[in-house]
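Containing mmCIF, C-alpha atoms, pLDDT in the B column; chains and numbers go by the auth columns: work14.cif.
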```
data_structure
#
loop_
_atom_site.group_PDB
_atom_site.id
_atom_site.type_symbol
_atom_site.label_atom_id
_atom_site.label_comp_id
_atom_site.label_asym_id
_atom_site.label_seq_id
_atom_site.Cartn_x
_atom_site.Cartn_y
_atom_site.Cartn_z
_atom_site.B_iso_or_equiv
_atom_site.auth_seq_id
_atom_site.auth_asym_id
ATOM 1 C CA MET A 1 31.827 14.004 75.551 49.00 1 A
ATOM 2 C CA GLY A 2 34.698 14.079 73.061 50.00 2 A
ATOM 3 C CA ARG A 3 34.270 13.237 69.406 51.00 3 A
ATOM 4 C CA ARG A 4 36.527 10.173 69.696 51.00 4 A
ATOM 5 C CA PHE A 5 34.500 8.762 72.612 45.00 5 A
ATOM 6 C CA LEU A 6 31.229 9.156 70.676 47.00 6 A
ATOM 7 C CA HIS A 7 32.830 7.531 67.665 48.00 7 A
ATOM 8 C CA GLN A 8 33.916 4.501 69.736 51.00 8 A
ATOM 9 C CA LEU A 9 30.452 4.301 71.319 45.00 9 A
ATOM 10 C CA LEU A 10 28.790 4.214 67.887 48.00 10 A
ATOM 11 C CA LEU A 11 31.082 1.392 66.741 50.00 11 A
ATOM 12 C CA ALA A 12 30.227 -0.662 69.804 46.00 12 A
ATOM 13 C CA ALA A 13 26.481 -0.089 69.396 45.00 13 A
ATOM 14 C CA LEU A 14 26.509 -1.066 65.719 50.00 14 A
ATOM 15 C CA ALA A 15 28.522 -4.187 66.508 48.00 15 A
ATOM 16 C CA LEU A 16 25.626 -5.334 68.697 43.00 16 A
ATOM 17 C CA CYS A 17 22.978 -4.620 66.044 50.00 17 A
ATOM 18 C CA PHE A 18 24.393 -6.327 62.966 52.00 18 A
ATOM 19 C CA ALA A 19 25.511 -9.904 62.446 52.00 19 A
ATOM 20 C CA PRO A 20 28.146 -11.145 62.061 46.00 20 A
ATOM 21 C CA ALA A 21 29.770 -8.141 63.703 42.00 21 A
ATOM 22 C CA ARG A 22 32.472 -7.616 66.287 42.00 22 A
ATOM 23 C CA SER A 23 33.841 -4.262 67.357 44.00 23 A
ATOM 24 C CA ASP A 24 37.251 -5.191 65.882 55.00 24 A
ATOM 25 C CA ASP A 25 35.847 -6.033 62.424 87.00 25 A
ATOM 26 C CA TRP A 26 35.728 -2.429 61.213 96.00 26 A
ATOM 27 C CA LEU A 27 37.957 -1.723 58.225 98.00 27 A
ATOM 28 C CA PRO A 28 39.060 1.650 56.820 98.00 28 A
ATOM 29 C CA ALA A 29 38.032 2.896 53.378 98.00 29 A
ATOM 30 C CA THR A 30 36.900 6.048 51.606 98.00 30 A
ATOM 31 C CA ALA A 31 33.500 6.983 50.183 98.00 31 A
ATOM 32 C CA THR A 32 32.157 9.296 47.495 98.00 32 A
ATOM 33 C CA PHE A 33 28.689 9.575 45.945 97.00 33 A
ATOM 34 C CA TYR A 34 27.029 9.555 42.525 97.00 34 A
ATOM 35 C CA GLY A 35 23.626 9.176 40.897 96.00 35 A
ATOM 36 C CA GLY A 36 22.030 12.531 41.681 95.00 36 A
ATOM 37 C CA ALA A 37 20.014 13.765 44.659 94.00 37 A
ATOM 38 C CA ASP A 38 17.342 11.115 44.142 93.00 38 A
ATOM 39 C CA GLY A 39 19.819 8.338 43.310 92.00 39 A
ATOM 40 C CA SER A 40 18.029 7.598 40.034 93.00 40 A
ATOM 41 C CA ASP A 41 21.270 7.330 38.050 94.00 41 A
ATOM 42 C CA THR A 42 22.436 4.414 40.202 96.00 42 A
ATOM 43 C CA MET A 43 19.863 2.138 38.549 95.00 43 A
ATOM 44 C CA GLY A 44 21.359 -0.614 36.394 93.00 44 A
ATOM 45 C CA GLY A 45 25.045 -1.161 36.970 96.00 45 A
ATOM 46 C CA ALA A 46 27.695 -3.854 36.642 98.00 46 A
ATOM 47 C CA CYS A 47 25.812 -6.418 38.728 98.00 47 A
ATOM 48 C CA GLY A 48 22.991 -6.505 36.182 97.00 48 A
ATOM 49 C CA TYR A 49 20.158 -5.805 38.616 97.00 49 A
ATOM 50 C CA GLY A 50 18.426 -3.191 36.463 95.00 50 A
ATOM 51 C CA ASN A 51 15.752 -1.391 38.482 93.00 51 A
ATOM 52 C CA LEU A 52 17.073 -1.625 42.011 94.00 52 A
ATOM 53 C CA TYR A 53 13.649 -1.013 43.558 90.00 53 A
ATOM 54 C CA ASP A 54 12.044 -3.845 41.613 89.00 54 A
ATOM 55 C CA GLN A 55 14.878 -6.218 42.460 91.00 55 A
ATOM 56 C CA GLY A 56 14.772 -5.559 46.215 87.00 56 A
ATOM 57 C CA TYR A 57 17.893 -3.416 46.701 94.00 57 A
ATOM 58 C CA GLY A 58 16.503 0.104 46.831 94.00 58 A
ATOM 59 C CA ILE A 59 18.285 3.415 46.993 95.00 59 A
ATOM 60 C CA ASN A 60 20.836 2.479 49.666 97.00 60 A
ATOM 61 C CA ASN A 61 23.338 1.065 47.227 98.00 61 A
ATOM 62 C CA ALA A 62 26.990 1.426 46.326 98.00 62 A
ATOM 63 C CA ALA A 63 29.485 0.797 43.546 98.00 63 A
ATOM 64 C CA LEU A 64 32.553 -1.029 44.847 98.00 64 A
ATOM 65 C CA SER A 65 36.174 -0.405 43.939 98.00 65 A
ATOM 66 C CA THR A 66 38.207 -3.093 42.182 97.00 66 A
ATOM 67 C CA ALA A 67 39.542 -4.446 45.469 97.00 67 A
ATOM 68 C CA LEU A 68 36.028 -4.945 46.881 98.00 68 A
ATOM 69 C CA PHE A 69 34.059 -5.850 43.727 98.00 69 A
ATOM 70 C CA ASN A 70 36.019 -9.063 43.148 97.00 70 A
ATOM 71 C CA ASP A 71 35.012 -9.394 39.485 96.00 71 A
ATOM 72 C CA GLY A 72 31.325 -9.409 40.429 97.00 72 A
ATOM 73 C CA ALA A 73 31.524 -12.012 43.194 97.00 73 A
ATOM 74 C CA SER A 74 30.566 -9.314 45.733 98.00 74 A
ATOM 75 C CA CYS A 75 27.338 -8.328 43.945 98.00 75 A
ATOM 76 C CA GLY A 76 24.484 -8.179 46.456 98.00 76 A
ATOM 77 C CA GLN A 77 26.628 -8.135 49.577 98.00 77 A
ATOM 78 C CA CYS A 78 25.682 -5.767 52.407 98.00 78 A
ATOM 79 C CA TYR A 79 27.845 -3.330 54.341 98.00 79 A
ATOM 80 C CA VAL A 80 27.353 -0.997 57.270 98.00 80 A
ATOM 81 C CA ILE A 81 29.331 2.220 56.774 98.00 81 A
ATOM 82 C CA ILE A 82 30.062 5.103 59.133 97.00 82 A
ATOM 83 C CA CYS A 83 32.056 8.263 58.579 96.00 83 A
ATOM 84 C CA ASP A 84 35.363 8.132 60.454 96.00 84 A
ATOM 85 C CA SER A 85 35.031 11.263 62.569 93.00 85 A
ATOM 86 C CA SER A 86 38.445 10.631 64.100 93.00 86 A
ATOM 87 C CA LYS A 87 39.956 11.518 60.703 94.00 87 A
ATOM 88 C CA SER A 88 37.543 14.066 59.238 91.00 88 A
ATOM 89 C CA GLY A 89 35.520 17.106 60.166 92.00 89 A
ATOM 90 C CA TRP A 90 33.130 16.447 57.262 95.00 90 A
ATOM 91 C CA CYS A 91 31.091 13.729 58.942 95.00 91 A
ATOM 92 C CA ARG A 92 27.400 14.371 59.504 93.00 92 A
ATOM 93 C CA PRO A 93 27.262 16.056 62.941 88.00 93 A
ATOM 94 C CA GLY A 94 25.964 14.223 65.989 77.00 94 A
ATOM 95 C CA PRO A 95 26.246 10.620 67.111 71.00 95 A
ATOM 96 C CA GLY A 96 24.466 7.649 65.592 72.00 96 A
ATOM 97 C CA HIS A 97 24.877 8.340 61.855 84.00 97 A
ATOM 98 C CA TRP A 98 25.417 5.207 59.814 96.00 98 A
ATOM 99 C CA VAL A 99 24.024 3.595 56.677 97.00 99 A
ATOM 100 C CA ALA A 100 23.609 0.026 55.391 98.00 100 A
ATOM 101 C CA VAL A 101 24.141 -0.409 51.640 98.00 101 A
ATOM 102 C CA SER A 102 23.975 -3.216 49.083 98.00 102 A
ATOM 103 C CA ALA A 103 26.681 -3.707 46.450 98.00 103 A
ATOM 104 C CA THR A 104 25.044 -3.169 43.053 98.00 104 A
ATOM 105 C CA ASN A 105 27.714 -1.689 40.787 98.00 105 A
ATOM 106 C CA PHE A 106 31.427 -1.439 39.996 98.00 106 A
ATOM 107 C CA CYS A 107 33.522 1.700 40.465 98.00 107 A
ATOM 108 C CA PRO A 108 36.327 1.402 37.883 97.00 108 A
ATOM 109 C CA PRO A 109 39.777 2.963 38.155 98.00 109 A
ATOM 110 C CA ASN A 110 40.287 6.305 36.440 96.00 110 A
ATOM 111 C CA TRP A 111 43.647 6.005 34.739 95.00 111 A
ATOM 112 C CA SER A 112 43.695 9.676 33.796 95.00 112 A
ATOM 113 C CA TYR A 113 45.149 9.990 37.308 94.00 113 A
ATOM 114 C CA PRO A 114 48.659 8.585 37.895 94.00 114 A
ATOM 115 C CA ASP A 115 47.430 6.306 40.690 95.00 115 A
ATOM 116 C CA GLY A 116 44.142 5.349 39.022 97.00 116 A
ATOM 117 C CA GLY A 117 41.974 7.397 41.376 96.00 117 A
ATOM 118 C CA TRP A 118 39.980 6.280 44.394 96.00 118 A
ATOM 119 C CA CYS A 119 38.712 3.046 42.854 98.00 119 A
ATOM 120 C CA ALA A 120 42.022 1.649 41.635 97.00 120 A
ATOM 121 C CA PRO A 121 43.459 -1.428 43.342 97.00 121 A
ATOM 122 C CA PRO A 122 44.303 -2.014 46.110 97.00 122 A
ATOM 123 C CA LYS A 123 42.168 0.796 47.570 97.00 123 A
ATOM 124 C CA PRO A 124 38.876 -0.108 49.282 98.00 124 A
ATOM 125 C CA HIS A 125 36.327 2.499 48.204 98.00 125 A
ATOM 126 C CA PHE A 126 32.532 2.902 48.131 98.00 126 A
ATOM 127 C CA ASP A 127 30.935 5.142 45.502 98.00 127 A
ATOM 128 C CA MET A 128 27.523 5.369 47.144 98.00 128 A
ATOM 129 C CA SER A 129 24.176 6.690 45.985 97.00 129 A
ATOM 130 C CA GLN A 130 23.917 10.316 47.060 97.00 130 A
ATOM 131 C CA PRO A 131 20.918 9.725 49.393 97.00 131 A
ATOM 132 C CA ALA A 132 22.810 6.915 51.159 97.00 132 A
ATOM 133 C CA TRP A 133 26.036 8.915 51.419 97.00 133 A
ATOM 134 C CA GLU A 134 24.281 11.955 52.894 96.00 134 A
ATOM 135 C CA ASN A 135 23.297 9.853 55.916 96.00 135 A
ATOM 136 C CA ILE A 136 26.920 10.022 57.031 97.00 136 A
ATOM 137 C CA GLY A 137 28.659 12.904 55.237 97.00 137 A
ATOM 138 C CA ILE A 138 28.277 16.601 54.514 96.00 138 A
ATOM 139 C CA TYR A 139 27.558 17.188 50.827 96.00 139 A
ATOM 140 C CA THR A 140 30.281 19.761 50.168 95.00 140 A
ATOM 141 C CA ALA A 141 33.010 17.355 51.313 96.00 141 A
ATOM 142 C CA GLY A 142 32.657 15.138 48.242 95.00 142 A
ATOM 143 C CA ILE A 143 34.783 12.392 49.778 97.00 143 A
ATOM 144 C CA ILE A 144 35.129 11.176 53.364 97.00 144 A
ATOM 145 C CA PRO A 145 37.113 8.545 55.260 97.00 145 A
ATOM 146 C CA VAL A 146 34.871 5.747 56.483 98.00 146 A
ATOM 147 C CA LEU A 147 34.859 2.554 58.467 98.00 147 A
ATOM 148 C CA TYR A 148 32.911 -0.378 57.087 98.00 148 A
ATOM 149 C CA GLN A 149 31.850 -3.862 58.014 97.00 149 A
ATOM 150 C CA ARG A 150 30.215 -6.569 55.919 98.00 150 A
ATOM 151 C CA VAL A 151 26.933 -7.693 57.519 98.00 151 A
ATOM 152 C CA LYS A 152 24.017 -10.040 56.947 98.00 152 A
ATOM 153 C CA CYS A 153 21.571 -9.013 54.216 98.00 153 A
ATOM 154 C CA TRP A 154 17.837 -8.906 54.927 97.00 154 A
ATOM 155 C CA ARG A 155 15.505 -9.192 51.936 96.00 155 A
ATOM 156 C CA ASP A 156 11.735 -9.360 51.507 95.00 156 A
ATOM 157 C CA GLY A 157 10.609 -12.661 50.015 96.00 157 A
ATOM 158 C CA GLY A 158 12.645 -15.348 48.288 97.00 158 A
ATOM 159 C CA VAL A 159 15.428 -15.588 45.749 98.00 159 A
ATOM 160 C CA ARG A 160 14.395 -14.675 42.190 98.00 160 A
ATOM 161 C CA PHE A 161 15.625 -16.041 38.863 98.00 161 A
ATOM 162 C CA THR A 162 15.395 -14.152 35.556 98.00 162 A
ATOM 163 C CA ILE A 163 16.169 -16.279 32.517 98.00 163 A
ATOM 164 C CA GLY A 164 17.891 -14.609 29.600 97.00 164 A
ATOM 165 C CA GLY A 165 19.887 -15.867 26.640 95.00 165 A
ATOM 166 C CA PHE A 166 18.803 -17.759 23.543 92.00 166 A
ATOM 167 C CA ASN A 167 18.673 -21.321 22.165 87.00 167 A
ATOM 168 C CA TYR A 168 21.582 -23.245 23.733 92.00 168 A
ATOM 169 C CA PHE A 169 22.758 -20.389 25.943 96.00 169 A
ATOM 170 C CA GLU A 170 21.007 -19.686 29.251 97.00 170 A
ATOM 171 C CA LEU A 171 21.947 -16.558 31.213 98.00 171 A
ATOM 172 C CA VAL A 172 20.291 -16.535 34.633 98.00 172 A
ATOM 173 C CA LEU A 173 20.199 -13.379 36.767 98.00 173 A
ATOM 174 C CA VAL A 174 19.957 -14.209 40.485 98.00 174 A
ATOM 175 C CA THR A 175 18.476 -11.453 42.654 97.00 175 A
ATOM 176 C CA ASN A 176 17.075 -10.690 46.113 97.00 176 A
ATOM 177 C CA VAL A 177 19.621 -12.899 47.874 98.00 177 A
ATOM 178 C CA ALA A 178 19.557 -12.654 51.687 98.00 178 A
ATOM 179 C CA GLY A 179 22.151 -13.839 54.207 98.00 179 A
ATOM 180 C CA SER A 180 25.603 -13.360 52.731 98.00 180 A
ATOM 181 C CA GLY A 181 23.925 -11.593 49.797 98.00 181 A
ATOM 182 C CA SER A 182 26.045 -13.212 47.092 98.00 182 A
ATOM 183 C CA ILE A 183 26.396 -16.543 45.326 98.00 183 A
ATOM 184 C CA GLN A 184 29.533 -18.683 45.306 98.00 184 A
ATOM 185 C CA SER A 185 28.410 -21.447 42.946 98.00 185 A
ATOM 186 C CA MET A 186 25.330 -22.490 41.007 98.00 186 A
ATOM 187 C CA ALA A 187 23.997 -25.445 39.025 98.00 187 A
ATOM 188 C CA VAL A 188 20.882 -26.075 36.931 98.00 188 A
ATOM 189 C CA LYS A 189 18.933 -29.262 36.285 98.00 189 A
ATOM 190 C CA GLY A 190 16.407 -29.733 33.535 98.00 190 A
ATOM 191 C CA THR A 191 13.601 -32.276 33.639 97.00 191 A
ATOM 192 C CA SER A 192 15.643 -34.495 31.303 96.00 192 A
ATOM 193 C CA THR A 193 19.199 -33.686 32.427 97.00 193 A
ATOM 194 C CA ASP A 194 21.561 -34.246 35.308 97.00 194 A
ATOM 195 C CA TRP A 195 22.895 -31.284 37.308 98.00 195 A
ATOM 196 C CA ILE A 196 24.873 -28.931 35.051 98.00 196 A
ATOM 197 C CA PRO A 197 27.421 -26.579 36.685 98.00 197 A
ATOM 198 C CA MET A 198 26.990 -22.915 35.801 98.00 198 A
ATOM 199 C CA SER A 199 29.666 -20.217 35.704 98.00 199 A
ATOM 200 C CA ARG A 200 29.547 -16.509 36.409 98.00 200 A
ATOM 201 C CA ASN A 201 29.218 -14.575 33.168 98.00 201 A
ATOM 202 C CA TRP A 202 29.145 -11.047 34.621 98.00 202 A
ATOM 203 C CA GLY A 203 27.866 -9.488 37.826 98.00 203 A
ATOM 204 C CA ALA A 204 25.034 -11.610 39.228 98.00 204 A
ATOM 205 C CA ASN A 205 24.443 -13.377 35.886 98.00 205 A
ATOM 206 C CA TRP A 206 25.253 -17.089 35.622 98.00 206 A
ATOM 207 C CA GLN A 207 25.498 -19.038 32.371 98.00 207 A
ATOM 208 C CA CYS A 208 25.354 -22.537 30.970 97.00 208 A
ATOM 209 C CA LEU A 209 25.557 -23.923 27.434 96.00 209 A
ATOM 210 C CA ALA A 210 22.731 -26.428 27.182 95.00 210 A
ATOM 211 C CA GLY A 211 19.444 -26.876 25.371 93.00 211 A
ATOM 212 C CA LEU A 212 16.986 -26.507 28.235 96.00 212 A
ATOM 213 C CA ALA A 213 14.015 -24.925 26.457 94.00 213 A
ATOM 214 C CA GLY A 214 10.827 -26.899 27.050 95.00 214 A
ATOM 215 C CA GLN A 215 12.101 -28.427 30.288 97.00 215 A
ATOM 216 C CA GLY A 216 11.214 -27.556 33.861 98.00 216 A
ATOM 217 C CA LEU A 217 14.231 -26.186 35.721 98.00 217 A
ATOM 218 C CA SER A 218 15.677 -26.580 39.209 98.00 218 A
ATOM 219 C CA PHE A 219 18.607 -24.603 40.607 98.00 219 A
ATOM 220 C CA ALA A 220 21.143 -25.443 43.312 98.00 220 A
ATOM 221 C CA LEU A 221 22.852 -22.397 44.821 98.00 221 A
ATOM 222 C CA THR A 222 25.638 -22.122 47.375 98.00 222 A
ATOM 223 C CA SER A 223 26.030 -18.717 49.010 98.00 223 A
ATOM 224 C CA THR A 224 29.394 -17.162 49.764 97.00 224 A
ATOM 225 C CA GLY A 225 28.530 -17.913 53.384 97.00 225 A
ATOM 226 C CA GLY A 226 28.572 -21.630 52.555 98.00 226 A
ATOM 227 C CA GLN A 227 24.829 -22.397 52.723 98.00 227 A
ATOM 228 C CA THR A 228 23.364 -24.537 49.911 98.00 228 A
ATOM 229 C CA ILE A 229 19.700 -24.404 48.888 98.00 229 A
ATOM 230 C CA VAL A 230 18.066 -26.475 46.152 98.00 230 A
ATOM 231 C CA PHE A 231 15.214 -24.665 44.416 98.00 231 A
ATOM 232 C CA GLN A 232 13.374 -27.701 43.084 98.00 232 A
ATOM 233 C CA ASP A 233 11.171 -27.290 39.983 98.00 233 A
ATOM 234 C CA VAL A 234 11.076 -23.523 40.434 98.00 234 A
ATOM 235 C CA VAL A 235 10.753 -22.884 36.682 98.00 235 A
ATOM 236 C CA PRO A 236 7.904 -24.633 34.789 98.00 236 A
ATOM 237 C CA ALA A 237 8.456 -26.254 31.396 97.00 237 A
ATOM 238 C CA TRP A 238 6.579 -23.440 29.608 97.00 238 A
ATOM 239 C CA TRP A 239 9.144 -20.774 30.564 97.00 239 A
ATOM 240 C CA GLN A 240 10.255 -18.183 28.020 97.00 240 A
ATOM 241 C CA PHE A 241 13.444 -16.129 27.803 97.00 241 A
ATOM 242 C CA GLY A 242 13.013 -12.868 29.693 97.00 242 A
ATOM 243 C CA GLN A 243 10.717 -14.244 32.396 97.00 243 A
ATOM 244 C CA THR A 244 11.347 -13.940 36.142 97.00 244 A
ATOM 245 C CA PHE A 245 10.416 -16.639 38.642 98.00 245 A
ATOM 246 C CA THR A 246 10.045 -15.931 42.370 97.00 246 A
ATOM 247 C CA THR A 247 10.674 -18.477 45.123 98.00 247 A
ATOM 248 C CA TYR A 248 9.772 -18.700 48.796 97.00 248 A
ATOM 249 C CA LYS A 249 13.230 -19.716 49.993 98.00 249 A
ATOM 250 C CA ASN A 250 16.143 -17.517 50.941 98.00 250 A
ATOM 251 C CA PHE A 251 19.515 -17.712 52.653 98.00 251 A
ATOM 252 C CA ASP A 252 20.296 -17.317 56.337 98.00 252 A
ATOM 253 C CA TYR A 253 24.037 -16.924 55.780 97.00 253 A
#
```
The structure in this file should be written as structure tokens.
Amino acid sequence: MGRRFLHQLLLAALALCFAPARSDDWLPATATFYGGADGSDTMGGACGYGNLYDQGYGINNAALSTALFNDGASCGQCYVIICDSSKSGWCRPGPGHWVAVSATNFCPPNWSYPDGGWCAPPKPHFDMSQPAWENIGIYTAGIIPVLYQRVKCWRDGGVRFTIGGFNYFELVLVTNVAGSGSIQSMAVKGTSTDWIPMSRNWGANWQCLAGLAGQGLSFALTSTGGQTIVFQDVVPAWWQFGQTFTTYKNFDY
């Protein structure tokens, strides 16, 4: 079998395995890697997740270029990526090599290069953890052409809320989001308040300016897939800044 035939066969097989996926949804991009052989230096990042193992994202993660990161709105989204063997001889040999990654960081432009480097707009680029990247590419290549597709995220357990901030400023980190993987809008309700819209502060952190200390909290989230879930009374009135609260609900899309 020719390399092109195997490549087309892999695309078709992956389109059947991941939702929502069609064989014509694959988009071209490029991919590099960072973080060391164990991926430890990918912890943290511009989405604010901190320890990616603790937050449910693991080592298969990627920093997105400006065009894909969307000012943090893409944090948590999931992608299936394959090396485009029709354009490169540096793909991992043999059929069936692909990897699914979660967006956990931002790959900024490098303006020491005239064009801003691989991560400058409007280029779609994935700077992946080294262990994830080596599923599809040969280490010495450094950079490879890829095809990617956004897919449904699968997470263990429910959505989690970590409450930061101080006094009249609440900064809520939303993690472990399944389905579309990312949040489009969010609101909070205290025991003694109406629903208060929140805005994205940075990455997966959402803010509001209200005095909510001493009140039980509920959150209403709408995913980028359009599904809305109300997490009623998920935070008890005795909450403290820095605490994380786990739920039993998660998104389907």
Enclose the full set of atoms of region 52-60 of chain A listed in the file within a box whose edges lie along x, y and z, apply 8 Å of padding to each of the six sides, and report centre and edge lengths in Å to one decimal as AutoDock Vina command-line options.
```
--center_x 16.4 --center_y -1.4 --center_z 45.6 --size_x 24.8 --size_y 25.6 --size_z 24.1
```
Legend entry - Residues returned when the PyMOL selection byres ((chain A and resi 55) around 10) runs on this file, as a count of residues only: 16
Legend entry - Non-local contacts of Asn135 (chain A) (9 Å; all atoms listed in the file; under 6 positions in same chain excluded) as a list in words: Ile82, Arg92, His97, Trp98 and Val99 of chain A
Inset, instruction - Check the smallest atom-to-atom distance from each of A:Thr32, A:Gln130, A:Ser192, A:Ser102 to Phe69 (chain A) using only C-alpha atoms, then report the winner. - result: A:Ser102
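Under the PyMOL selection byres ((chain A and resi 217) around 6), the matching residues in the shown file are A:Lys189, A:Gly190, A:Gly216, A:Ser218, A:Asp233, A:Val235.
With CA of Tyr253 (chain A) on one side and CA of Ser180 (chain A) on the other, the separation reads 4.9 Å.
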Legend entry - Selected residue, from A:Val151, A:Gly242, A:Asp115, A:Lys249, that lies nearest to Thr228 (chain A) when counting only C-alpha atoms: A:Lys249
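Computed from the coordinates, the CA of Trp202 (chain A) to CA of Cys47 (chain A) distance equals 7.0 Å.
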Inset, instruction - Pull out every residue that the PyMOL selection byres ((chain A and resi 183) around 8) matches in the shown coordinates and put them as a VMD selection string. - result: chain A and resid 73 181 to 182 184 to 186 204 221 to 224
Legend entry - Nearest-residue call for Ala120 (chain A), choices A:Leu173, A:Cys83, A:Ala67, A:Cys208, using all atoms listed in the file: A:Ala67
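For the pair CA of Ser65 (chain A) and CA of Met128 (chain A), the separation is 10.9 Å.
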